[in-house]
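The structure file data_10.csv is reproduced below (CSV, C-alpha atoms).
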```
chain,number,residue,atom,x,y,z
A,1,MET,CA,99.1,129.4,82.3
A,2,ASP,CA,98.6,125.7,83.1
A,3,THR,CA,97.3,124.8,86.5
A,4,PRO,CA,100.1,123.3,88.6
A,5,ASP,CA,100.0,119.5,89.1
A,6,ALA,CA,99.7,119.8,92.9
A,7,ASP,CA,96.5,121.9,92.6
A,8,LEU,CA,95.0,119.4,90.2
A,9,ILE,CA,95.8,116.5,92.6
A,10,ARG,CA,94.4,118.4,95.5
A,11,ARG,CA,91.2,119.0,93.6
A,12,CYS,CA,90.9,115.4,92.7
A,13,ILE,CA,91.4,114.2,96.3
A,14,GLU,CA,88.7,116.7,97.3
A,15,GLY,CA,86.2,115.1,94.9
A,16,ASP,CA,86.7,116.8,91.6
A,17,ASN,CA,87.8,114.2,89.0
A,18,LYS,CA,88.3,116.9,86.3
A,19,GLY,CA,91.6,117.6,87.9
A,20,PHE,CA,92.7,114.1,87.1
A,21,ASP,CA,91.4,114.3,83.6
A,22,THR,CA,93.6,117.2,83.0
A,23,LEU,CA,96.6,115.3,84.4
A,24,VAL,CA,95.9,112.3,82.1
A,25,LYS,CA,95.7,114.6,79.0
A,26,ARG,CA,98.8,116.4,80.1
A,27,TYR,CA,101.0,113.3,80.5
A,28,GLN,CA,99.4,110.5,78.4
A,29,LYS,CA,101.7,111.1,75.4
A,30,ARG,CA,104.8,110.6,77.6
A,31,VAL,CA,103.4,107.6,79.5
A,32,CYS,CA,102.1,105.9,76.3
A,33,GLY,CA,105.4,106.6,74.5
A,34,PHE,CA,107.3,105.2,77.4
A,35,CYS,CA,105.2,102.0,77.6
A,36,TYR,CA,105.3,101.6,73.8
A,37,ARG,CA,109.1,101.8,73.7
A,38,ILE,CA,109.5,99.4,76.6
A,39,LEU,CA,106.9,96.8,75.5
A,40,GLY,CA,107.2,97.2,71.7
A,41,ASP,CA,103.5,96.7,71.1
A,42,SER,CA,100.8,99.4,70.9
A,43,ASP,CA,98.0,97.4,72.4
A,44,GLN,CA,100.1,96.3,75.4
A,45,ALA,CA,101.3,99.9,75.7
A,46,ALA,CA,97.8,101.2,75.8
A,47,ASP,CA,96.8,98.7,78.4
A,48,ALA,CA,99.9,99.4,80.5
A,49,SER,CA,99.3,103.1,80.2
A,50,GLN,CA,95.7,102.9,81.4
A,51,GLU,CA,96.7,100.6,84.3
A,52,SER,CA,99.5,103.1,85.3
A,53,PHE,CA,97.0,106.0,85.4
A,54,MET,CA,94.5,104.0,87.4
A,55,LYS,CA,97.2,103.0,89.9
A,56,ALA,CA,98.3,106.6,90.1
A,57,TYR,CA,94.7,107.7,90.8
A,58,TYR,CA,94.2,105.4,93.7
A,59,ALA,CA,97.6,106.3,95.1
A,60,LEU,CA,97.1,110.1,94.9
A,61,GLU,CA,96.5,110.2,98.7
A,62,ASN,CA,100.1,109.0,99.2
A,63,PHE,CA,101.6,111.6,96.8
A,64,ARG,CA,103.7,114.2,98.6
A,65,ALA,CA,102.7,117.7,97.6
A,66,ASP,CA,106.3,118.9,97.4
A,67,ALA,CA,107.4,116.1,95.0
A,68,LEU,CA,107.2,116.3,91.2
A,69,PHE,CA,104.3,114.4,89.6
A,70,LEU,CA,106.0,113.1,86.4
A,71,PRO,CA,108.8,111.1,88.0
A,72,TRP,CA,106.3,109.6,90.4
A,73,LEU,CA,103.9,108.7,87.6
A,74,MET,CA,106.8,107.3,85.5
A,75,LYS,CA,107.9,105.1,88.4
A,76,ILE,CA,104.4,103.6,88.4
A,77,ALA,CA,104.5,103.2,84.6
A,78,SER,CA,107.9,101.6,84.8
A,79,ASN,CA,106.8,99.0,87.4
A,80,THR,CA,103.6,98.3,85.4
A,81,CYS,CA,105.7,97.7,82.2
A,82,ILE,CA,108.0,95.4,84.0
A,83,ASP,CA,105.1,93.3,85.3
A,84,ALA,CA,103.5,93.3,81.8
A,85,ALA,CA,106.8,92.2,80.2
A,86,ARG,CA,107.1,89.3,82.7
A,87,LYS,CA,103.5,88.2,82.0
A,88,ARG,CA,104.1,88.0,78.2
A,89,THR,CA,103.9,84.4,77.2
A,90,ARG,CA,104.6,84.8,73.6
A,91,ARG,CA,107.9,86.1,72.2
A,92,GLN,CA,107.0,89.2,70.3
A,93,THR,CA,110.4,90.4,69.3
A,94,GLU,CA,112.5,88.8,66.5
A,95,CYS,CA,116.1,88.2,66.9
A,96,LEU,CA,118.2,91.0,65.7
A,97,ASP,CA,120.4,88.7,63.7
A,98,GLU,CA,117.5,87.6,61.5
A,99,ARG,CA,116.6,91.2,60.7
A,100,GLU,CA,120.2,92.1,60.1
A,101,SER,CA,120.5,89.3,57.4
A,102,ASP,CA,117.3,90.5,55.9
A,103,LEU,CA,118.6,94.0,55.5
A,104,LYS,CA,121.9,92.8,54.1
A,105,SER,CA,120.2,90.7,51.5
A,106,ILE,CA,118.1,93.6,50.5
A,107,SER,CA,121.1,95.9,50.1
A,108,CYS,CA,123.5,93.4,48.5
A,109,GLY,CA,122.1,91.4,45.7
A,110,GLU,CA,118.6,92.6,45.2
A,111,PRO,CA,117.4,95.5,43.2
A,112,THR,CA,117.8,98.8,45.3
A,113,PRO,CA,114.7,99.1,47.5
A,114,GLU,CA,112.6,102.2,47.8
A,115,GLU,CA,114.2,104.7,50.2
A,116,ASP,CA,111.1,104.5,52.5
A,117,LEU,CA,111.3,100.7,52.7
A,118,LEU,CA,115.0,100.9,53.7
A,119,LYS,CA,114.3,103.6,56.2
A,120,SER,CA,111.4,101.5,57.6
A,121,GLU,CA,113.6,98.5,57.9
A,122,ARG,CA,116.3,100.4,59.7
A,123,ALA,CA,113.8,101.9,62.1
A,124,GLU,CA,112.4,98.4,62.8
A,125,ILE,CA,115.9,97.1,63.5
A,126,THR,CA,116.6,100.0,65.8
A,127,ARG,CA,113.4,99.5,67.6
A,128,GLN,CA,114.2,95.8,68.0
A,129,ALA,CA,117.6,96.6,69.3
A,130,ILE,CA,116.1,98.9,71.9
A,131,LEU,CA,113.7,96.1,73.0
A,132,GLU,CA,116.6,93.7,73.3
A,133,LEU,CA,118.4,95.9,75.8
A,134,PRO,CA,118.4,94.8,79.5
A,135,MET,CA,115.3,96.3,81.2
A,136,LYS,CA,117.3,98.7,83.4
A,137,CYS,CA,119.2,100.1,80.5
A,138,ARG,CA,116.1,100.2,78.2
A,139,THR,CA,114.1,102.1,80.9
A,140,ALA,CA,116.8,104.7,81.4
A,141,LEU,CA,117.3,105.2,77.6
A,142,VAL,CA,113.5,105.5,76.9
A,143,MET,CA,112.9,107.9,79.8
A,144,PHE,CA,115.8,110.0,78.7
A,145,TYR,CA,115.2,110.2,74.9
A,146,TYR,CA,111.4,109.7,74.7
A,147,SER,CA,109.9,111.0,77.9
A,148,GLY,CA,111.9,114.2,78.1
A,149,MET,CA,113.2,113.4,81.6
A,150,GLY,CA,116.6,114.5,82.9
A,151,ILE,CA,119.0,112.3,84.9
A,152,LYS,CA,117.7,113.6,88.2
A,153,ASP,CA,114.1,112.9,87.3
A,154,ILE,CA,114.9,109.4,86.1
A,155,SER,CA,116.8,108.8,89.3
A,156,LYS,CA,113.7,109.8,91.3
A,157,ALA,CA,111.4,107.8,89.1
A,158,LEU,CA,113.4,104.6,89.2
A,159,GLY,CA,114.6,105.0,92.8
A,160,ARG,CA,118.2,104.6,91.8
A,161,PRO,CA,121.2,106.8,92.4
A,162,GLU,CA,122.1,109.3,89.6
A,163,GLY,CA,125.4,107.6,89.0
A,164,THR,CA,123.7,104.3,88.4
A,165,VAL,CA,121.2,105.9,86.0
A,166,LYS,CA,124.1,107.5,84.1
A,167,TYR,CA,125.9,104.1,83.9
A,168,ASP,CA,122.8,102.4,82.6
A,169,LEU,CA,122.3,105.1,80.0
A,170,HIS,CA,125.9,104.9,78.9
A,171,THR,CA,125.7,101.1,78.7
A,172,ALA,CA,122.5,101.3,76.6
A,173,ARG,CA,124.1,103.7,74.1
A,174,GLU,CA,127.2,101.6,73.9
A,175,MET,CA,125.3,98.4,73.4
A,176,LEU,CA,123.2,100.0,70.7
A,177,ARG,CA,126.3,101.4,69.0
A,178,ARG,CA,127.8,98.0,68.8
A,179,LYS,CA,124.6,96.3,67.6
A,180,LEU,CA,123.8,98.9,65.0
A,181,GLU,CA,127.3,99.5,63.7
A,182,GLY,CA,127.4,98.7,60.0
A,183,ILE,CA,123.6,98.2,59.8
A,184,VAL,CA,122.1,101.5,60.7
A,185,VAL,CA,125.1,103.4,61.9
A,186,GLU,CA,127.7,104.0,59.2
A,187,ILE,CA,131.2,103.8,60.5
B,1,MET,CA,144.0,113.4,78.5
B,2,ASN,CA,143.6,109.7,77.9
B,3,CYS,CA,140.9,108.0,75.9
B,4,SER,CA,138.9,106.7,78.9
B,5,ASP,CA,138.7,110.1,80.5
B,6,ALA,CA,137.7,111.7,77.2
B,7,ARG,CA,134.9,109.3,76.6
B,8,ASN,CA,133.6,109.6,80.1
B,9,ILE,CA,133.5,113.4,79.7
B,10,LEU,CA,131.9,113.2,76.3
B,11,ASN,CA,129.3,110.8,77.7
B,12,SER,CA,128.4,113.4,80.3
B,13,CYS,CA,127.9,115.9,77.5
B,14,PHE,CA,125.6,113.4,75.7
B,15,ASP,CA,123.7,113.3,79.0
B,16,GLY,CA,123.1,117.0,78.8
B,17,GLU,CA,125.7,118.1,81.4
B,18,ASN,CA,128.0,121.1,81.0
B,19,HIS,CA,131.3,119.5,81.8
B,20,PRO,CA,134.2,122.0,82.3
B,21,LEU,CA,136.6,119.8,80.4
B,22,ALA,CA,134.2,119.2,77.4
B,23,GLN,CA,136.3,121.2,75.0
B,24,LYS,CA,139.5,119.4,75.9
B,25,ALA,CA,137.7,116.0,75.5
B,26,GLU,CA,136.5,117.1,72.0
B,27,GLU,CA,140.1,118.2,71.1
B,28,HIS,CA,141.3,114.8,72.1
B,29,ALA,CA,138.6,113.1,70.0
B,30,ALA,CA,139.7,115.3,67.1
B,31,THR,CA,143.2,113.9,67.3
B,32,CYS,CA,142.6,110.3,68.4
B,33,GLN,CA,141.2,108.1,65.5
B,34,ASP,CA,139.6,105.5,67.8
B,35,CYS,CA,137.9,108.2,69.9
B,36,ARG,CA,136.8,110.1,66.8
B,37,LYS,CA,135.2,106.9,65.4
B,38,TRP,CA,133.5,106.2,68.8
B,39,TYR,CA,132.3,109.8,69.1
B,40,ASP,CA,130.8,110.0,65.6
B,41,SER,CA,129.1,106.6,65.8
B,42,THR,CA,127.6,107.5,69.3
B,43,LEU,CA,126.3,110.7,67.9
B,44,ARG,CA,124.8,108.8,65.0
B,45,VAL,CA,123.2,106.3,67.4
B,46,ILE,CA,121.6,109.1,69.4
B,47,GLU,CA,120.2,110.7,66.2
B,48,VAL,CA,118.8,107.3,65.1
B,49,VAL,CA,117.3,106.6,68.5
B,50,ARG,CA,115.6,110.0,68.6
B,51,ASN,CA,114.2,109.6,65.1
B,52,VAL,CA,113.5,105.9,65.1
B,53,ASP,CA,109.8,106.1,64.2
B,54,GLU,CA,106.6,107.8,65.0
B,55,MET,CA,104.7,106.4,67.9
B,56,PRO,CA,101.1,105.5,67.2
B,57,GLU,CA,98.7,108.1,68.5
B,58,MET,CA,97.0,107.0,71.6
B,59,ASP,CA,94.3,108.9,73.5
B,60,ILE,CA,93.4,107.0,76.6
B,61,SER,CA,91.9,109.8,78.7
B,62,THR,CA,88.3,108.8,77.9
B,63,LEU,CA,89.0,105.2,78.7
B,64,VAL,CA,90.7,106.0,81.9
B,65,MET,CA,88.1,108.5,83.1
B,66,SER,CA,85.3,106.0,82.3
B,67,LYS,CA,86.8,103.5,84.7
B,68,LEU,CA,87.2,105.9,87.6
B,69,PRO,CA,84.5,106.3,90.4
B,70,GLU,CA,82.5,109.5,90.5
B,71,ARG,CA,84.6,110.9,93.4
B,72,HIS,CA,88.0,110.0,94.7
B,73,PRO,CA,87.7,107.6,97.7
B,74,ALA,CA,89.7,110.0,99.9
B,75,SER,CA,87.0,112.7,99.5
B,76,ILE,CA,84.3,110.3,100.6
B,77,LYS,CA,86.3,109.1,103.6
B,78,GLN,CA,86.9,112.7,104.6
B,79,ASP,CA,83.2,113.6,104.4
B,80,THR,CA,82.2,110.6,106.4
B,81,ARG,CA,84.7,111.4,109.1
B,82,HIS,CA,83.5,115.0,109.3
B,83,GLN,CA,79.9,113.9,109.4
B,84,GLU,CA,80.4,111.3,112.1
B,85,PHE,CA,82.3,113.7,114.3
B,86,ALA,CA,79.9,116.5,113.8
B,87,TRP,CA,77.0,114.3,114.6
B,88,GLY,CA,78.7,112.8,117.6
B,89,PHE,CA,79.8,116.2,118.9
B,90,THR,CA,76.4,117.7,118.4
B,91,GLY,CA,74.7,114.7,119.9
B,92,VAL,CA,76.8,114.9,123.1
B,93,LEU,CA,76.2,118.5,123.6
B,94,ALA,CA,72.5,118.2,122.8
B,95,GLY,CA,72.2,115.3,125.2
B,96,ALA,CA,74.0,117.2,128.0
B,97,PHE,CA,71.9,120.3,127.3
B,98,GLY,CA,68.6,118.4,127.2
B,99,LEU,CA,69.5,116.5,130.4
B,100,SER,CA,70.3,119.6,132.3
B,101,LEU,CA,67.0,121.2,131.1
B,102,VAL,CA,65.0,118.2,132.3
B,103,LEU,CA,66.7,118.3,135.7
B,104,LEU,CA,66.0,122.1,136.0
B,105,LEU,CA,62.3,121.6,135.1
B,106,ILE,CA,62.0,118.7,137.6
B,107,LEU,CA,63.5,120.8,140.4
B,108,PHE,CA,61.4,123.8,139.5
B,109,LEU,CA,58.2,121.7,139.5
B,110,LEU,CA,59.0,119.9,142.7
B,111,LYS,CA,60.4,122.7,144.8
B,112,GLY,CA,58.7,125.8,143.3
B,113,GLU,CA,60.2,129.2,142.4
B,114,SER,CA,62.5,129.4,145.4
B,115,ALA,CA,64.3,126.3,144.2
B,116,GLY,CA,64.6,127.9,140.7
B,117,ILE,CA,67.5,130.1,141.6
B,118,ALA,CA,69.3,127.2,143.3
B,119,ALA,CA,68.5,125.1,140.2
B,120,ILE,CA,70.1,127.6,137.9
B,121,GLN,CA,73.3,127.3,139.9
B,122,THR,CA,73.0,123.5,139.6
B,123,TYR,CA,72.3,123.9,135.9
B,124,LYS,CA,75.3,126.0,135.4
B,125,GLN,CA,77.5,123.4,137.1
B,126,ILE,CA,76.0,120.5,135.2
B,127,ASN,CA,76.0,122.3,131.9
B,128,THR,CA,79.5,123.5,132.4
B,129,LEU,CA,80.6,120.0,133.3
B,130,ALA,CA,78.8,118.5,130.3
B,131,MET,CA,80.2,121.1,127.9
B,132,GLY,CA,83.6,120.6,129.5
B,133,ILE,CA,83.6,116.9,128.7
B,134,ALA,CA,82.5,117.5,125.1
B,135,MET,CA,85.1,120.3,124.6
B,136,LEU,CA,87.8,118.1,126.1
B,137,TRP,CA,86.9,115.5,123.5
B,138,ASN,CA,87.5,117.8,120.6
B,139,GLY,CA,90.4,119.7,122.1
B,140,ILE,CA,89.0,123.3,122.5
B,141,LEU,CA,88.0,123.1,126.1
B,142,SER,CA,89.9,126.1,127.3
B,143,ALA,CA,88.7,128.4,124.6
B,144,LEU,CA,85.0,127.7,125.1
B,145,LYS,CA,85.3,127.7,128.9
B,146,ALA,CA,86.7,131.2,128.7
B,147,THR,CA,83.7,132.1,126.4
B,148,ILE,CA,81.1,130.5,128.6
B,149,GLU,CA,81.9,132.1,131.9
B,150,PRO,CA,81.0,135.7,131.0
B,151,VAL,CA,78.0,134.4,129.0
B,152,LEU,CA,76.7,132.6,132.1
B,153,ALA,CA,77.2,135.7,134.2
B,154,PHE,CA,75.1,137.7,131.7
B,155,ALA,CA,72.4,135.0,131.5
B,156,THR,CA,71.8,134.8,135.2
B,157,SER,CA,71.8,138.5,135.9
B,158,GLY,CA,68.1,139.1,135.1
B,159,SER,CA,65.6,140.0,137.9
B,160,GLU,CA,62.9,137.4,136.9
B,161,LEU,CA,63.5,133.7,136.9
B,162,ARG,CA,61.8,133.2,133.6
B,163,THR,CA,63.9,135.9,132.0
B,164,ARG,CA,67.0,134.3,133.4
B,165,ILE,CA,66.1,130.9,132.1
B,166,ILE,CA,65.2,132.1,128.6
B,167,GLY,CA,68.2,134.3,128.4
B,168,PHE,CA,70.5,131.5,129.5
B,169,PHE,CA,69.2,129.0,127.0
B,170,VAL,CA,69.4,131.5,124.1
B,171,VAL,CA,73.0,132.4,124.8
B,172,ASP,CA,73.9,128.8,125.4
B,173,SER,CA,72.5,127.8,122.1
B,174,ILE,CA,74.5,130.5,120.4
B,175,VAL,CA,77.6,129.1,122.1
B,176,LEU,CA,76.8,125.6,121.0
B,177,ILE,CA,76.3,126.6,117.4
B,178,ALA,CA,79.6,128.6,117.5
B,179,ALA,CA,81.4,125.5,118.9
B,180,TYR,CA,80.0,123.3,116.1
B,181,LEU,CA,81.1,125.8,113.4
B,182,LEU,CA,84.5,126.1,115.0
B,183,TRP,CA,84.9,122.4,114.9
B,184,ARG,CA,84.0,122.3,111.2
B,185,ARG,CA,86.8,124.7,110.6
B,186,ARG,CA,89.1,123.1,113.1
B,187,ARG,CA,92.2,123.5,110.9
B,188,LYS,CA,92.0,127.2,111.4
B,189,ILE,CA,91.6,127.0,115.2
B,190,THR,CA,95.3,127.4,115.9
B,191,ILE,CA,94.9,130.9,114.4
B,192,ILE,CA,91.5,131.6,116.1
B,193,LEU,CA,92.5,130.4,119.6
B,194,PRO,CA,94.7,133.3,120.5
B,195,ILE,CA,91.9,135.7,119.5
B,196,LEU,CA,89.3,133.8,121.5
B,197,LYS,CA,91.3,133.4,124.7
B,198,LEU,CA,90.0,135.9,127.3
B,199,SER,CA,92.1,137.2,130.1
```
Go ahead and express the file in the form of structure tokens.
Amino acid sequence: MDTPDADLIRRCIEGDNKGFDTLVKRYQKRVCGFCYRILGDSDQAADASQESFMKAYYALENFRADALFLPWLMKIASNTCIDAARKRTRRQTECLDERESDLKSISCGEPTPEEDLLKSERAEITRQAILELPMKCRTALVMFYYSGMGIKDISKALGRPEGTVKYDLHTAREMLRRKLEGIVVEI
Amino acid sequence: MNCSDARNILNSCFDGENHPLAQKAEEHAATCQDCRKWYDSTLRVIEVVRNVDEMPEMDISTLVMSKLPERHPASIKQDTRHQEFAWGFTGVLAGAFGLSLVLLLILFLLKGESAGIAAIQTYKQINTLAMGIAMLWNGILSALKATIEPVLAFATSGSELRTRIIGFFVVDSIVLIAAYLLWRRRRKITIILPILKLS
């Protein structure tokens, strides 16, 4: 049975860093996945993930033993990603419209592409559409579908009421539905 | 059920909730063309979002751990606080103990054996006072005072002055060591205190 997070944190605060190593290995996939979906770039995601874990390490003293570790960690990751997104000087995401016309030209007049190429294009368009969502909606969507968190945990992580989180999630789905209709999502 | 209510309920279901009217909302979607289209396209979006692409594998644990200090700063701070207090506490008691010993020896040398008995009384008072100040400082005054009184009575009950002095210092040293160890485990004192208190 896995050692509870609270025990690992206590061991770390008492001077045993192996406890934190276990925590990193346990949650790095979720944190890295979250940062990657939010920032859209694997290098930036790796940097943001490392920074999130470092911040969490130095803030362990302030972590309440009766709270859940994952929402607390995701809150740090969310704030780190927001800061990273603001610092970006170069526009890294292409406009969805350009990709949409690329896909239509592929499917309309050209020879039928390989199924993998079409799938790859659709995946890229979906990824871009997610990156174009407002940050609040994007964060809620990514935490829900990629970090395995429920509404309650997302609410704790983002410090927003559950109703607001649900609204952001519904808005994200609706915006994606409208953007991807006819391109990726057949009507 | 109207379209707005049905879509709100179905959205709750997409969020993973068990809504009591879910079945009725699905029945509405089955009969309403617009809601059916919305429902199917939302389900498709969710499927696409879940399966969009594989995330690149990232293992950052080695990098993160290499940037951390050997020990968490909180553990170093705690050790330093313990050490400072332990040294301070021991220093105060040792100082009080040593001072009273010097006074006792001076009185003994100046006044002879007859003053020794009176000196022991004085020693008791000074030692008790010094230990009282130190105990007050760390918050376990009453427990140790209750411990010291019978110990003092035992230490001064010998027939020879030398035996009294040696006995007194040996027992006192044991009390000091016990006090130090109790302080190192001070979090458990709330449990120990009722046991130590002597009527």
Could you list, with a cut-off of 7 Å and counting only C-alpha atoms, the residues of chain A near chain B, each shown with its nearest atom pair and the distance in Å rounded to one decimal, rows sorted by chain and ascending number, as a tab-separated table?
```
residue	atom	partner	partner_atom	distance
A:Cys12	CA	B:His72	CA	6.4
A:Ile13	CA	B:His72	CA	5.6
A:Glu14	CA	B:Ser75	CA	4.9
A:Gly15	CA	B:Arg71	CA	4.7
A:Asp16	CA	B:Arg71	CA	6.5
A:Asn17	CA	B:Arg71	CA	6.4
A:Asp21	CA	B:Ser61	CA	6.7
A:Val24	CA	B:Ser61	CA	5.8
A:Lys25	CA	B:Ser61	CA	6.1
A:Gly33	CA	B:Met55	CA	6.6
A:Gln50	CA	B:Val64	CA	5.9
A:Met54	CA	B:Val64	CA	7.0
A:Glu61	CA	B:Ala74	CA	6.9
A:Ala123	CA	B:Val52	CA	5.0
A:Thr126	CA	B:Val52	CA	6.7
A:Arg127	CA	B:Val52	CA	6.9
A:Tyr145	CA	B:Arg50	CA	6.3
A:His170	CA	B:Asn11	CA	6.9
A:Arg177	CA	B:Val45	CA	6.0
A:Val185	CA	B:Arg44	CA	6.2
A:Ile187	CA	B:Ser41	CA	6.4
```
In Å, rounded to a single decimal, give me how far atom CA of Ala59 of chain A is from atom CA of Ala84 of chain A. 19.5 Å
Within 12 Å of (105.8, 115.2, 91.6), only C-alpha atoms: residues as a list in words?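 Output of the proximity query reads Pro4, Asp5, Ala6, Asp7, Leu8, Ile9, Leu23, Ala56, Leu60, Asn62, Phe63, Arg64, Ala65, Asp66, Ala67, Leu68, Phe69, Leu70, Pro71, Trp72, Leu73, Met74, Lys75, Asp153, Lys156 and Ala157 of chain A.
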Between atom CA of Asn79 of chain A and atom CA of Ala45 of chain A, what is the distance, to one decimal in Å? 13.0 Å
Using all atoms listed in the file, pick whichever of A:Leu180, A:Gln128, A:Ser155, A:Ser52 has the shortest atom-to-atom distance to Arg30 of chain A.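 Looking only at the distances to Arg30 of chain A, the closest residue turns out to be A:Ser52.
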Need to verify the contact set: Leu131 of chain A, 12 Å, only C-alpha atoms, exclusion of same-chain residues closer than 3 positions in sequence. Can you return it as JSON, numbers by chain? {"A": [34, 35, 36, 37, 38, 39, 40, 41, 85, 91, 92, 93, 94, 95, 96, 124, 125, 126, 127, 128, 134, 135, 136, 137, 138, 139, 141, 142, 172, 175, 176], "B": [49]}
What does the distance between atom CA of Asp43 of chain A and atom CA of Ile154 of chain A come to in Å, to one decimal place? 24.8 Å
Nearest to Phe144 of chain A among A:Ile130, A:Pro161, A:Leu118, A:Leu169, with distances taken over all atoms listed in the file: which residue is it? A:Leu169
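Of the residues under consideration (B:Ala179, B:Ala6, B:Met1, B:Ile174), B:Ala6 shows the shortest atom-to-atom contact distance to Arg36 of chain B when counting all atoms listed in the file.
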